[in-house]
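Novice: Quick one: this structure, given as structure tokens, is what I'll be asking you about.
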Amino acid sequence: MTETTLSAIALPSRPSLWQSFVNSPAWPLTVTIFCFAAWEAYVTWSGVLRVILPAPSDIVRYIGANWALLLEHAWPTLYQSLIGFGLACVGGILISIVITEFTAIRRGFYPLVVVIALIPKISVAPLFTIWFGTGDVARVALVFFIAFFPMVISPASGLMSVNRGLLMMAKSFGATKAQIFWKLRVPSAIPYIFDGMKVAISLAVIGIIVAEFVTSDKGLGYLIIFATGLLDTRMMMAAVVVLSAIGLGLYFLIEWAGNKIVYWQP
Amino acid sequence: MSQISLRNVSKEFLAGKRHTVAVVGFSLEIEKGSFVSIVGPSGCGKSTVLSMVGGLAAPTHGEIVIDGKPVTGANEKIGTVFQDAHLLPWRNVLNNVLFPVELRRKHRRDFVEHAHELLNLTGLSRFADHYPNELSGGMRQRVAICRALILSPEILLMDEPFSALDAMTREEMMYELQRIWASFGKTVLFVTHSVREAVFLSDRIEVMSLNPGRLIQDLTVDLERPRTAYMETQVGFNRIVDEVRAAIGRGHNHPIESSVPEMAVA
């Protein structure tokens, strides 16, 4: 009897079919498909008005029939968010270098920067239309403003993240301040810069949509506002789908580039 | 004439309001080509002595002279190996070894061959294009030794270089260091916690006391070279180990006021 009990405890049981299914990628895929199917079924049989809640199939069909319109409006959203994001990257990294290299500037400006960083950025969108007009400049400015702070904070912590041991090692071989900056600080900051870029790109997409809500005559944000006037929920949801695709696409592009460039991190 | 002279060297730190005396009245003459170890309890200032010789910290009193010139900063005649390998994770093994070449603004091509020789000597020739995260702790420390030797320094400073390694690797590295020292004939100043390691490797052993860090005994290890595993089991070797241990025991928690009662305990 004892023997059977022991072997029952000692032998790991083979994973059941169910367990291996849950651990496979098929499981989350199944759940996702099920959720969309439930949505589709609800719209089909509950009698809810499709004008209020379109089914997933309606949205897919709408995108198929109107992709030219959607692309036309996706383009300004894409390039304006990219310009704002690019400027935020360049400006943010430059400022991060200034504040990490010059203690007086860091200590003087830091409280102010923290306060500005804590402003909910989209609340100033209407103000930006007064300062920068109603054109592309105002929208790019808002994207820049919202994406700027993570592009200061992440690279700055990266530049200061250099291991003390590495610094001591470099100094023992006579490294100058400039060499320490280029050969130690900059490479150490690169993974942090990519982390900052991932946050900044998500914020940039939010920024451009809010800017387009406030003032625009094209773009996906404009399309959403326009569709609201028409009570066209299919158009709104189609715009949201395209916008999400843009956001995800840019995010994964940065992630992919980061993994290529930061080859030394496992 | 000795190659390294420490003349009545003291080092005090001011950390906040606390005034710490790390090293007091340390005098030592080191002959060219000799292997000298510094041992003593944790916190006795042995690493401080090493960093002052390496020019990474300036003595508060006294002076350190290398080949007739006072130490004022990192010296090209010195290669240092630290407790951790401190390799740059974004550089492969070869480029880590060549790092000091870049820092000293020399031509890389003049040193590539020497780097391969050193990697060969330490059994790393197959790993020249590997990255640090692909190496074991012992291999990384070998790379650090190659890096310290790349500019053919006359003096090698080693700050507990094997203490982060497991016991087996540590022993292996000890034999390897003896081999390297025998083939290059550098002056080595070696800081360690391990008495057996010190006896195995050294020509002379300097024992330091705690609070304050003071040199309390200078022992000559008159065992023939090369030293072997067999010698470690012999009476002569173990007599020296006991002598060093006894000296360290005397150096523990030495009251600051008293002078050094050399043979009081023995």
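Chain labels follow the order of the structure tokens: the first chain is A, the next B, and so on; residue numbering restarts at 1 in every chain, and ligands are counted from 1 in their shown order.
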Run DSSP on the backbone of this structure and report the residues of range 94-153 of chain A it assigns to alpha helix (DSSP H), as a ChimeraX atom specification.
Specialist: /A:94-101,103-118,125-132,136-153
Novice: Could you list, as a list in words, every residue of chain B that has an atom within 6 Å of an atom of chain A, counting only C-alpha atoms?
Specialist: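 Close to chain A, chain B has Ala74, His86, Pro89, Trp90, Pro100 and Leu103 of chain B.
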Novice: Could those residues be written to a file, using C-alpha atoms, as a short mmCIF file (atom, residue, chain, number, x, y, z; two decimals), in the first residue's frame?
Specialist:
data_model
loop_
_atom_site.label_atom_id
_atom_site.label_comp_id
_atom_site.auth_asym_id
_atom_site.auth_seq_id
_atom_site.Cartn_x
_atom_site.Cartn_y
_atom_site.Cartn_z
CA ALA B 74 45.44 56.79 -13.90
CA HIS B 86 33.00 45.04 -15.46
CA PRO B 89 27.68 44.25 -22.33
CA TRP B 90 27.33 45.81 -25.81
CA PRO B 100 41.78 50.47 -23.08
CA LEU B 103 40.64 55.05 -24.29
#
Novice: Let me make sure I understand: among B:Phe35, B:Phe162, B:Phe111, B:Phe99, which one has the smallest atom-to-atom distance to Arg147 in chain B if we use only C-alpha atoms?
Specialist: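 Using only C-alpha atoms, the shortest distance to Arg147 in chain B belongs to B:Phe99.
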Novice: From the DSSP assignment of the backbone, select every residue of range 28-222 of chain B that is strand (DSSP E), and format the answer as number ranges by chain.
Specialist: B: 28-30, 35-39, 61-66, 69-70, 78-81, 155-159, 187-191, 204-209, 214-220
Novice: Go ahead and save the residues from that selection, with N, CA and C atoms, as a short mmCIF file (atom, residue, chain, number, x, y, z; two decimals), in the first residue's frame.
Specialist:
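Listing of out-v4.cif after writing:
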data_model
loop_
_atom_site.label_atom_id
_atom_site.label_comp_id
_atom_site.auth_asym_id
_atom_site.auth_seq_id
_atom_site.Cartn_x
_atom_site.Cartn_y
_atom_site.Cartn_z
N LEU B 28 55.35 51.00 2.06
CA LEU B 28 55.66 49.72 1.43
C LEU B 28 56.52 49.97 0.21
N GLU B 29 57.53 49.12 0.04
CA GLU B 29 58.37 49.19 -1.16
C GLU B 29 58.15 47.91 -1.95
N ILE B 30 57.82 48.04 -3.21
CA ILE B 30 57.56 46.85 -4.02
C ILE B 30 58.58 46.78 -5.15
N PHE B 35 55.50 39.67 -6.81
CA PHE B 35 54.08 39.46 -6.59
C PHE B 35 53.80 39.70 -5.11
N VAL B 36 53.09 40.79 -4.83
CA VAL B 36 52.84 41.17 -3.44
C VAL B 36 51.34 41.15 -3.17
N SER B 37 50.95 40.47 -2.08
CA SER B 37 49.54 40.43 -1.72
C SER B 37 49.29 41.26 -0.48
N ILE B 38 48.10 41.86 -0.42
CA ILE B 38 47.68 42.53 0.80
C ILE B 38 46.47 41.77 1.33
N VAL B 39 46.57 41.31 2.57
CA VAL B 39 45.44 40.61 3.18
C VAL B 39 45.05 41.33 4.47
N HIS B 61 47.46 61.97 3.21
CA HIS B 61 48.83 62.30 3.57
C HIS B 61 49.77 61.32 2.89
N GLY B 62 51.03 61.69 2.81
CA GLY B 62 52.03 60.80 2.26
C GLY B 62 52.02 60.81 0.75
N GLU B 63 52.89 59.99 0.16
CA GLU B 63 52.92 59.98 -1.30
C GLU B 63 53.19 58.59 -1.84
N ILE B 64 52.74 58.41 -3.07
CA ILE B 64 52.96 57.14 -3.76
C ILE B 64 53.78 57.45 -4.99
N VAL B 65 54.87 56.70 -5.16
CA VAL B 65 55.77 56.96 -6.27
C VAL B 65 55.92 55.69 -7.09
N ILE B 66 55.73 55.84 -8.40
CA ILE B 66 55.93 54.70 -9.30
C ILE B 66 57.05 55.06 -10.27
N LYS B 69 58.20 58.59 -10.20
CA LYS B 69 57.26 59.69 -10.42
C LYS B 69 56.05 59.55 -9.50
N PRO B 70 55.68 60.65 -8.82
CA PRO B 70 54.51 60.59 -7.93
C PRO B 70 53.24 60.30 -8.74
N ILE B 78 49.89 50.87 -15.62
CA ILE B 78 49.11 50.03 -14.72
C ILE B 78 47.90 49.45 -15.42
N GLY B 79 47.67 48.16 -15.20
CA GLY B 79 46.42 47.54 -15.63
C GLY B 79 45.70 47.05 -14.38
N THR B 80 44.39 47.27 -14.30
CA THR B 80 43.67 46.90 -13.08
C THR B 80 42.61 45.85 -13.37
N VAL B 81 42.51 44.88 -12.46
CA VAL B 81 41.43 43.89 -12.52
C VAL B 81 40.62 44.05 -11.24
N ILE B 155 52.72 47.00 -14.40
CA ILE B 155 52.15 46.70 -13.08
C ILE B 155 50.71 46.24 -13.25
N LEU B 156 50.38 45.17 -12.52
CA LEU B 156 49.01 44.67 -12.54
C LEU B 156 48.44 44.83 -11.12
N LEU B 157 47.33 45.58 -11.02
CA LEU B 157 46.66 45.72 -9.73
C LEU B 157 45.44 44.81 -9.75
N MET B 158 45.28 43.99 -8.72
CA MET B 158 44.15 43.07 -8.71
C MET B 158 43.41 43.19 -7.39
N ASP B 159 42.16 43.61 -7.46
CA ASP B 159 41.36 43.87 -6.27
C ASP B 159 40.36 42.73 -6.06
N THR B 187 54.92 43.24 -12.28
CA THR B 187 54.79 43.49 -10.85
C THR B 187 53.30 43.38 -10.54
N VAL B 188 52.96 42.55 -9.56
CA VAL B 188 51.55 42.39 -9.24
C VAL B 188 51.29 42.82 -7.80
N LEU B 189 50.27 43.66 -7.62
CA LEU B 189 49.80 43.99 -6.28
C LEU B 189 48.39 43.42 -6.19
N PHE B 190 48.23 42.48 -5.26
CA PHE B 190 47.05 41.62 -5.26
C PHE B 190 46.35 41.73 -3.92
N VAL B 191 45.09 42.11 -3.94
CA VAL B 191 44.32 42.20 -2.70
C VAL B 191 43.41 40.98 -2.63
N ARG B 204 55.63 38.19 -1.39
CA ARG B 204 55.51 38.82 -0.07
C ARG B 204 54.04 39.01 0.26
N ILE B 205 53.71 38.92 1.55
CA ILE B 205 52.34 39.15 1.98
C ILE B 205 52.33 40.27 3.01
N GLU B 206 51.50 41.26 2.77
CA GLU B 206 51.37 42.39 3.70
C GLU B 206 50.05 42.21 4.45
N VAL B 207 50.12 42.16 5.78
CA VAL B 207 48.91 41.98 6.57
C VAL B 207 48.49 43.32 7.15
N MET B 208 47.21 43.65 6.94
CA MET B 208 46.69 44.92 7.47
C MET B 208 45.74 44.67 8.63
N SER B 209 45.66 45.66 9.53
CA SER B 209 44.75 45.55 10.67
C SER B 209 43.52 46.41 10.39
N ARG B 214 46.10 49.63 8.97
CA ARG B 214 47.53 49.85 9.20
C ARG B 214 48.27 48.59 8.79
N LEU B 215 49.46 48.75 8.29
CA LEU B 215 50.26 47.59 7.91
C LEU B 215 50.86 47.02 9.18
N ILE B 216 50.53 45.77 9.53
CA ILE B 216 51.07 45.24 10.79
C ILE B 216 52.10 44.15 10.60
N GLN B 217 52.13 43.53 9.41
CA GLN B 217 53.17 42.52 9.24
C GLN B 217 53.54 42.35 7.78
N ASP B 218 54.80 42.11 7.55
CA ASP B 218 55.31 41.89 6.21
C ASP B 218 55.97 40.52 6.19
N LEU B 219 55.38 39.57 5.46
CA LEU B 219 55.90 38.21 5.45
C LEU B 219 56.49 37.88 4.08
N THR B 220 57.60 37.16 4.09
CA THR B 220 58.17 36.72 2.83
C THR B 220 57.80 35.26 2.63
#
Novice: Do you have the CA of Gly221 in chain A-CA of Phe149 in chain A distance handy?
Specialist: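 Computing it gives 23.2 Å between the two atoms.
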Novice: Need to verify the contact set: Leu70 in chain A, 9 Å, only C-alpha atoms, exclusion of same-chain residues closer than 2 positions in sequence. Can you return it as JSON, numbers by chain?
Specialist: {"A": [63, 66, 67, 68, 72, 73, 74, 75, 219, 220, 223, 235, 238, 239, 242]}
Novice: Rounded to one decimal, what separation in Å do you get between CA of Phe145 in chain A and CA of Lys121 in chain A?
Specialist: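 If I compute the distance from CA of Phe145 in chain A to CA of Lys121 in chain A, I get 7.2 Å.
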Novice: Find the spatial neighbours of range 34-39 of chain A, counting only C-alpha atoms, within a cut-off of 10 Å - ignore same-chain residues fewer than 5 positions away - and output them as a ChimeraX atom specification.
Specialist: /A:28-29,44,53-57
Novice: As an exercise, work out the distance from CA of Phe26 in chain B to CA of Arg7 in chain B in Å and give it to one decimal place.
Specialist: 6.7 Å
Novice: Considering only C-alpha atoms, state which residue in the set B:Arg91, B:Gly45, B:Gly54, B:Glu12 is at the smallest distance from Glu134 in chain B.
Specialist: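 Of all the options, B:Arg91 lies closest to Glu134 in chain B.
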Novice: Can you tell me which residues surround Pro155 in chain A at a distance of at most 7 Å, considering only C-alpha atoms, apart from same-chain residues fewer than 4 positions away, and format the answer as JSON, numbers by chain?
Specialist: {"A": [93, 96, 151, 159, 189, 192, 193]}
Novice: Only N, CA and C atoms, please: the residues just picked out, written as a PDB file, in the first residue's frame.
Specialist:
ATOM      1  N   ILE A  93      15.678  63.978 -25.991  1.00  0.00           N
ATOM      2  CA  ILE A  93      17.005  63.400 -25.758  1.00  0.00           C
ATOM      3  C   ILE A  93      18.030  64.515 -25.517  1.00  0.00           C
ATOM      4  N   SER A  96      17.529  65.794 -22.090  1.00  0.00           N
ATOM      5  CA  SER A  96      17.980  64.812 -21.099  1.00  0.00           C
ATOM      6  C   SER A  96      19.501  64.867 -20.945  1.00  0.00           C
ATOM      7  N   MET A 151      10.231  61.290 -23.180  1.00  0.00           N
ATOM      8  CA  MET A 151      11.487  61.285 -23.939  1.00  0.00           C
ATOM      9  C   MET A 151      12.579  62.094 -23.237  1.00  0.00           C
ATOM     10  N   LEU A 159      20.991  57.713 -19.024  1.00  0.00           N
ATOM     11  CA  LEU A 159      22.322  58.326 -18.997  1.00  0.00           C
ATOM     12  C   LEU A 159      22.941  58.252 -17.606  1.00  0.00           C
ATOM     13  N   ALA A 189      22.274  54.257 -22.191  1.00  0.00           N
ATOM     14  CA  ALA A 189      20.975  54.930 -22.280  1.00  0.00           C
ATOM     15  C   ALA A 189      20.093  54.361 -23.389  1.00  0.00           C
ATOM     16  N   TYR A 192      16.957  52.466 -22.517  1.00  0.00           N
ATOM     17  CA  TYR A 192      16.013  53.382 -21.860  1.00  0.00           C
ATOM     18  C   TYR A 192      15.340  54.281 -22.895  1.00  0.00           C
ATOM     19  N   ILE A 193      16.101  54.683 -23.915  1.00  0.00           N
ATOM     20  CA  ILE A 193      15.524  55.531 -24.962  1.00  0.00           C
ATOM     21  C   ILE A 193      14.400  54.778 -25.672  1.00  0.00           C
TER      22      ILE A 193
END
Novice: Do you know which residues are at most 6 Å from range 199-216 of chain A counting only C-alpha atoms, after dropping those on the same chain fewer than 4 positions away, and could you put them as an MDAnalysis selection string?
Specialist: chainID A and resid 81 134 139 143 147 221:222
Novice: Write the residues of the preceding selection, restricted to C-alpha atoms, as a compact mmCIF listing (two decimals), in the first residue's frame.
Specialist:
# COMPACT_ATOMS: atom_id res chain seq x y z
CA SER A 81 1.78 62.15 -35.07
CA THR A 134 -6.03 75.72 -36.28
CA ARG A 139 -1.74 69.54 -33.81
CA VAL A 143 1.67 65.76 -30.05
CA ALA A 147 5.23 62.89 -26.10
CA GLY A 221 -10.12 62.27 -35.24
CA TYR A 222 -11.99 64.55 -37.60
Novice: Which residues are close to Leu223 in chain B, i.e. within 8 Å by only C-alpha atoms, leaving aside same-chain residues fewer than 3 positions away? Reply as a list in words.
Specialist: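 Selected residues are Arg227, Gly236 and Phe237 of chain B.
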Novice: I'd like to know which of B:Pro226, B:Gly185, B:Gly123, B:Gly138 is closest to Arg170 in chain B, using only C-alpha atoms.
Specialist: B:Gly138
